[in-house]
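Undergrad: Here's a structure for you.
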Amino acid sequence: MKLIERYILRRATGMFLATLLPLMAIVWTTQALASVNLVTDSGQSILAFLKLATLILPSIIPLILPFALVIGVAQTLTAMNADSELTVLNAAGASRMTIIRPVLCLGIALSVLSFAVDNFVEPYSRMAVRKMIATAHADLLSSVVQENTFRKIADGLYVQVAARRSGGVLHGIFVADSRNPAYELVYYAREGAVDENGSALVMKDGEVHRKLPDSNVSIIKFDSYAFDLTDLTKMAGEATIRAKDRDLFFLLNPDPKDPVYEKNPMSFSAELHRRFTEWTFPLLFALIALVVSSDARSHREARMHPMITALLTCLFVRWATFYAANSAEESAAFVPVMYLIPLATGYLAVRQLIGNKRLEIPLTWEQKLNEILVRLRLAKVAPASDGNQSA
């Protein structure tokens with residue numbers, strides 16, 4: 001690789017990292033904060049939260065990489081054009097491949113990284129997150145024993161405990177159960193404990209209030225009462241593994257007896273084709289950035305900022321493939337569309353670069369766009385072509 005190519009690669013990589021890290025931090029923080037309630041409600045420690053937040057990270061990397069790359073490349077080449085570096089390269093006789101080659105190398109490397117993360121790292125982290133969430137929901141004991149705090153065990157079921165004693169004995173138990181629309185149950189007990197299997201909450205010396213829809217209330221006192229938790233622990237402890245959580249080998253040869261696969265086999269097919277297409281986005285977005293910003297331009301040209309043009313184009317391509325992937329879960333006719341969109345976009349970009357053409361818009365469109373940009377003060381008025389015009 002030539003010296004100038006290493007220079008471009010170094011600048012583009014630096015701008016890419018400068019864009020990637022803040023974007024990843026923002027998205028990661030947003031996703032991690034969504035799991036705070038899960039950790040706090042199940043009585044997990046801060047280490048459990050950090051583990052869960054770390055496992056979320058691989059799922060956001062393939063989404064952010066392409067956009068960070070297109071911003072980094074477009075901004076780097078735009079800055080080089082503003083500093084007249086692209087003009088000097090053009091005047092010195094350097095071919096356009098001098099600019100294209102280092103960007104393509106970066107795009108290919110990130111595409112390989114995206115493929116590895118999307119097919120091997122992310123499925124493992126997703127499986128771990130599913131199991132961790134299921135375990136947290138199934139650990140009802142840790143939810144129950146939080147003193148003087150109402151805990152939501154399930155929809156319509158709340159528990160509060162006044163104090164916890166040695167040996168797992170609970171004092172001052174309050175249970176509100178409104179899961180059955182025909183009546184509401186409220187349990188009070190002096191003490192109790194969860195059995196060893198976690199299948200029942202055994203309450204002693206208490207009473208249960210049964211309220212009917214007509215507001216009539218019946219009260220029953222008991223010496224000992226076992227509140228069944230079997231269905232809750234069974235349902236909460238089972239992690240539902242979806243198509244996105246499976247690795248590449250399972251998607252290539254799914255188990256026909258898998259309950260999720262039996263319900264919606266098309267989702268597994270759509271996920272497989274998604275992984276075969278979306279890993280190319282870093283390379284595809286790098287080509288789009290090159291088409292938009294790799295040619296030397298005069299500072300007097302009224303045009304939209306190359307980074308904005310590249311981002312809008314990439315957002316449209318990403319939306320189209322996302323729509324096709326979601327539709328492929330319902331109809332196999334959208335599977336070819338998932339491949340057609342990146343192939344067509346890549347073909348047009350390569351054709352533009354090989355032909356050494358500049359990205360131009362029709363003259364009438366350009367005039368209208370120039371007027372809008374001038375009104376928004378995003379561009380200056382283009383100088384008149386009349387030679388008699390005074391300076």
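Starting from 1 in every chain, residues are counted up; chains themselves are A, B, ... following the order of the structure tokens, and ligands are numbered from 1 as listed.
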So which bits of stretch 5-199 of chain A end up strand (DSSP E) when you DSSP the backbone, as JSON, numbers by chain?
TA: {"A": [151, 152, 153, 154, 157, 158, 159, 160, 161, 162, 163, 164, 170, 171, 172, 173, 174, 175, 176, 177, 184, 185, 186, 187, 188, 189, 190, 191, 192, 193, 194]}
Undergrad: What are the closest atom pairs, with distances in Å to one decimal, for each residue of stretch 300-340 of chain A lying within 12 Å of stretch 346-354 of chain A, using only C-alpha atoms, rows by chain and rising residue number, as a tab-separated table?
TA:
residue	atom	partner	partner_atom	distance
A:Ala310	CA	A:Ala349	CA	11.8
A:Thr313	CA	A:Ala349	CA	11.6
A:Cys314	CA	A:Gly346	CA	11.6
A:Val317	CA	A:Gly346	CA	10.8
A:Tyr339	CA	A:Gly346	CA	10.9
A:Leu340	CA	A:Gly346	CA	9.8
Undergrad: Please report, as a PyMOL selection string, each residue of stretch 114-319 of chain A to which DSSP assigns helix (DSSP H, G or I) when run on this structure's backbone.
TA: chain A and resi 114-138+140-144+166-168+230-237+243-245+248-252+259-263+265-278+281-293+306-319
Undergrad: Output C-alpha atoms of each residue in that selection to a file, as a CSV table (one decimal), in the first residue's frame.
TA:
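Just written: out-v2.csv:
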chain,number,residue,atom,x,y,z
A,114,SER,CA,-19.7,-8.0,11.3
A,115,PHE,CA,-20.2,-11.5,9.9
A,116,ALA,CA,-18.3,-13.1,12.8
A,117,VAL,CA,-20.2,-11.1,15.4
A,118,ASP,CA,-23.6,-11.6,13.8
A,119,ASN,CA,-23.3,-15.3,13.3
A,120,PHE,CA,-21.2,-16.5,16.2
A,121,VAL,CA,-20.8,-14.0,19.0
A,122,GLU,CA,-24.3,-12.4,19.0
A,123,PRO,CA,-26.2,-15.7,19.1
A,124,TYR,CA,-24.2,-16.8,22.1
A,125,SER,CA,-24.8,-13.5,24.0
A,126,ARG,CA,-28.5,-13.6,23.1
A,127,MET,CA,-28.9,-17.1,24.5
A,128,ALA,CA,-27.1,-16.1,27.7
A,129,VAL,CA,-29.3,-13.0,28.1
A,130,ARG,CA,-32.4,-15.1,27.6
A,131,LYS,CA,-31.4,-17.6,30.2
A,132,MET,CA,-30.3,-14.9,32.6
A,133,ILE,CA,-33.7,-13.1,32.3
A,134,ALA,CA,-35.5,-16.4,32.7
A,135,THR,CA,-33.5,-17.2,35.8
A,136,ALA,CA,-34.2,-13.8,37.3
A,137,HIS,CA,-37.9,-14.2,36.7
A,138,ALA,CA,-37.9,-17.7,38.1
A,140,LEU,CA,-39.3,-15.8,43.1
A,141,LEU,CA,-37.7,-16.1,46.5
A,142,SER,CA,-35.4,-13.2,45.9
A,143,SER,CA,-38.4,-11.1,44.9
A,144,VAL,CA,-40.5,-12.2,47.8
A,166,SER,CA,-33.2,-16.8,59.9
A,167,GLY,CA,-33.9,-20.1,58.2
A,168,GLY,CA,-35.9,-18.4,55.4
A,230,THR,CA,-45.6,-24.1,40.4
A,231,ASP,CA,-47.1,-22.5,37.2
A,232,LEU,CA,-45.2,-19.3,37.8
A,233,THR,CA,-41.8,-20.9,38.3
A,234,LYS,CA,-42.3,-23.2,35.4
A,235,MET,CA,-43.3,-20.5,33.0
A,236,ALA,CA,-40.7,-18.0,34.3
A,237,GLY,CA,-37.8,-20.4,34.3
A,243,ALA,CA,-34.7,-17.4,15.5
A,244,LYS,CA,-32.4,-14.5,16.3
A,245,ASP,CA,-31.0,-16.3,19.2
A,248,LEU,CA,-25.7,-20.2,12.0
A,249,PHE,CA,-25.4,-24.0,12.1
A,250,PHE,CA,-28.9,-24.3,13.7
A,251,LEU,CA,-30.4,-22.0,11.1
A,252,LEU,CA,-28.8,-24.1,8.3
A,259,PRO,CA,-41.5,-25.5,19.4
A,260,VAL,CA,-40.7,-22.1,18.0
A,261,TYR,CA,-39.8,-23.5,14.6
A,262,GLU,CA,-43.0,-25.4,14.5
A,263,LYS,CA,-45.0,-22.3,15.0
A,265,PRO,CA,-40.6,-21.8,10.3
A,266,MET,CA,-40.5,-18.8,8.0
A,267,SER,CA,-38.9,-16.7,10.7
A,268,PHE,CA,-35.9,-19.1,10.8
A,269,SER,CA,-35.5,-18.9,7.0
A,270,ALA,CA,-35.8,-15.1,7.0
A,271,GLU,CA,-33.2,-14.9,9.8
A,272,LEU,CA,-30.8,-17.1,7.8
A,273,HIS,CA,-31.0,-14.9,4.7
A,274,ARG,CA,-30.7,-11.8,6.8
A,275,ARG,CA,-27.4,-12.9,8.1
A,276,PHE,CA,-26.2,-13.7,4.6
A,277,THR,CA,-27.0,-10.2,3.4
A,278,GLU,CA,-26.6,-7.7,6.3
A,281,PHE,CA,-23.4,-3.4,4.8
A,282,PRO,CA,-20.0,-2.0,5.9
A,283,LEU,CA,-18.6,-2.6,2.4
A,284,LEU,CA,-21.8,-1.4,0.7
A,285,PHE,CA,-21.9,1.8,2.8
A,286,ALA,CA,-18.2,2.4,2.1
A,287,LEU,CA,-19.0,2.3,-1.6
A,288,ILE,CA,-21.8,4.7,-1.2
A,289,ALA,CA,-19.6,7.1,0.8
A,290,LEU,CA,-16.9,6.9,-2.0
A,291,VAL,CA,-19.5,7.6,-4.7
A,292,VAL,CA,-20.7,10.7,-2.9
A,293,SER,CA,-17.4,12.2,-1.6
A,306,PRO,CA,-21.6,14.7,1.3
A,307,MET,CA,-22.1,13.1,4.7
A,308,ILE,CA,-25.8,14.0,4.7
A,309,THR,CA,-26.2,12.6,1.2
A,310,ALA,CA,-24.4,9.4,2.1
A,311,LEU,CA,-26.3,9.0,5.4
A,312,LEU,CA,-29.7,9.5,3.8
A,313,THR,CA,-28.9,7.0,1.0
A,314,CYS,CA,-27.7,4.4,3.6
A,315,LEU,CA,-30.7,4.9,5.8
A,316,PHE,CA,-33.0,4.3,2.8
A,317,VAL,CA,-31.1,1.1,1.9
A,318,ARG,CA,-31.1,-0.1,5.5
A,319,TRP,CA,-34.9,0.6,5.8
Undergrad: Within 9 Å of A:Arg10, counting only C-alpha atoms, which residues show up once you throw out same-chain ones fewer than 5 positions away? Write them as a compact mmCIF listing (two decimals) with N, CA and C atoms, in the first residue's frame, please.
TA:
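Once written, selection-v3.txt looks like this:
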# COMPACT_ATOMS: atom_id res chain seq x y z
N GLU A 5 -2.01 6.12 0.43
CA GLU A 5 -3.11 5.21 0.76
C GLU A 5 -3.13 4.89 2.25
N MET A 15 -11.35 8.55 12.13
CA MET A 15 -12.68 9.17 12.13
C MET A 15 -13.76 8.14 12.38
N PRO A 102 -7.86 2.10 -0.02
CA PRO A 102 -7.82 2.01 1.45
C PRO A 102 -9.21 1.96 2.09
Undergrad: Near stretch 152-165 of chain A, counting only C-alpha atoms, which residues have an atom at most 6 Å away, once you skip same-chain residues fewer than 2 positions from it, shown as a PyMOL selection string?
TA: chain A and resi 147-150+169-179
Undergrad: Which one of A:Ile341, A:Leu50, A:Leu57, A:Ile8 sits closest to A:Ile26 if you count only C-alpha atoms?
TA: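 Of A:Ile341, A:Leu50, A:Leu57, A:Ile8, the one nearest A:Ile26, counting only C-alpha atoms, is A:Leu57.
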Undergrad: Report as a VMD selection string all protein, DNA and RNA residues lying within 8 Å of stretch 20-23 of chain A, evaluated on only C-alpha atoms, omitting residues in the same chain fewer than 4 positions from it.
TA: chain A and resid 16 27 64 to 65 68 to 69
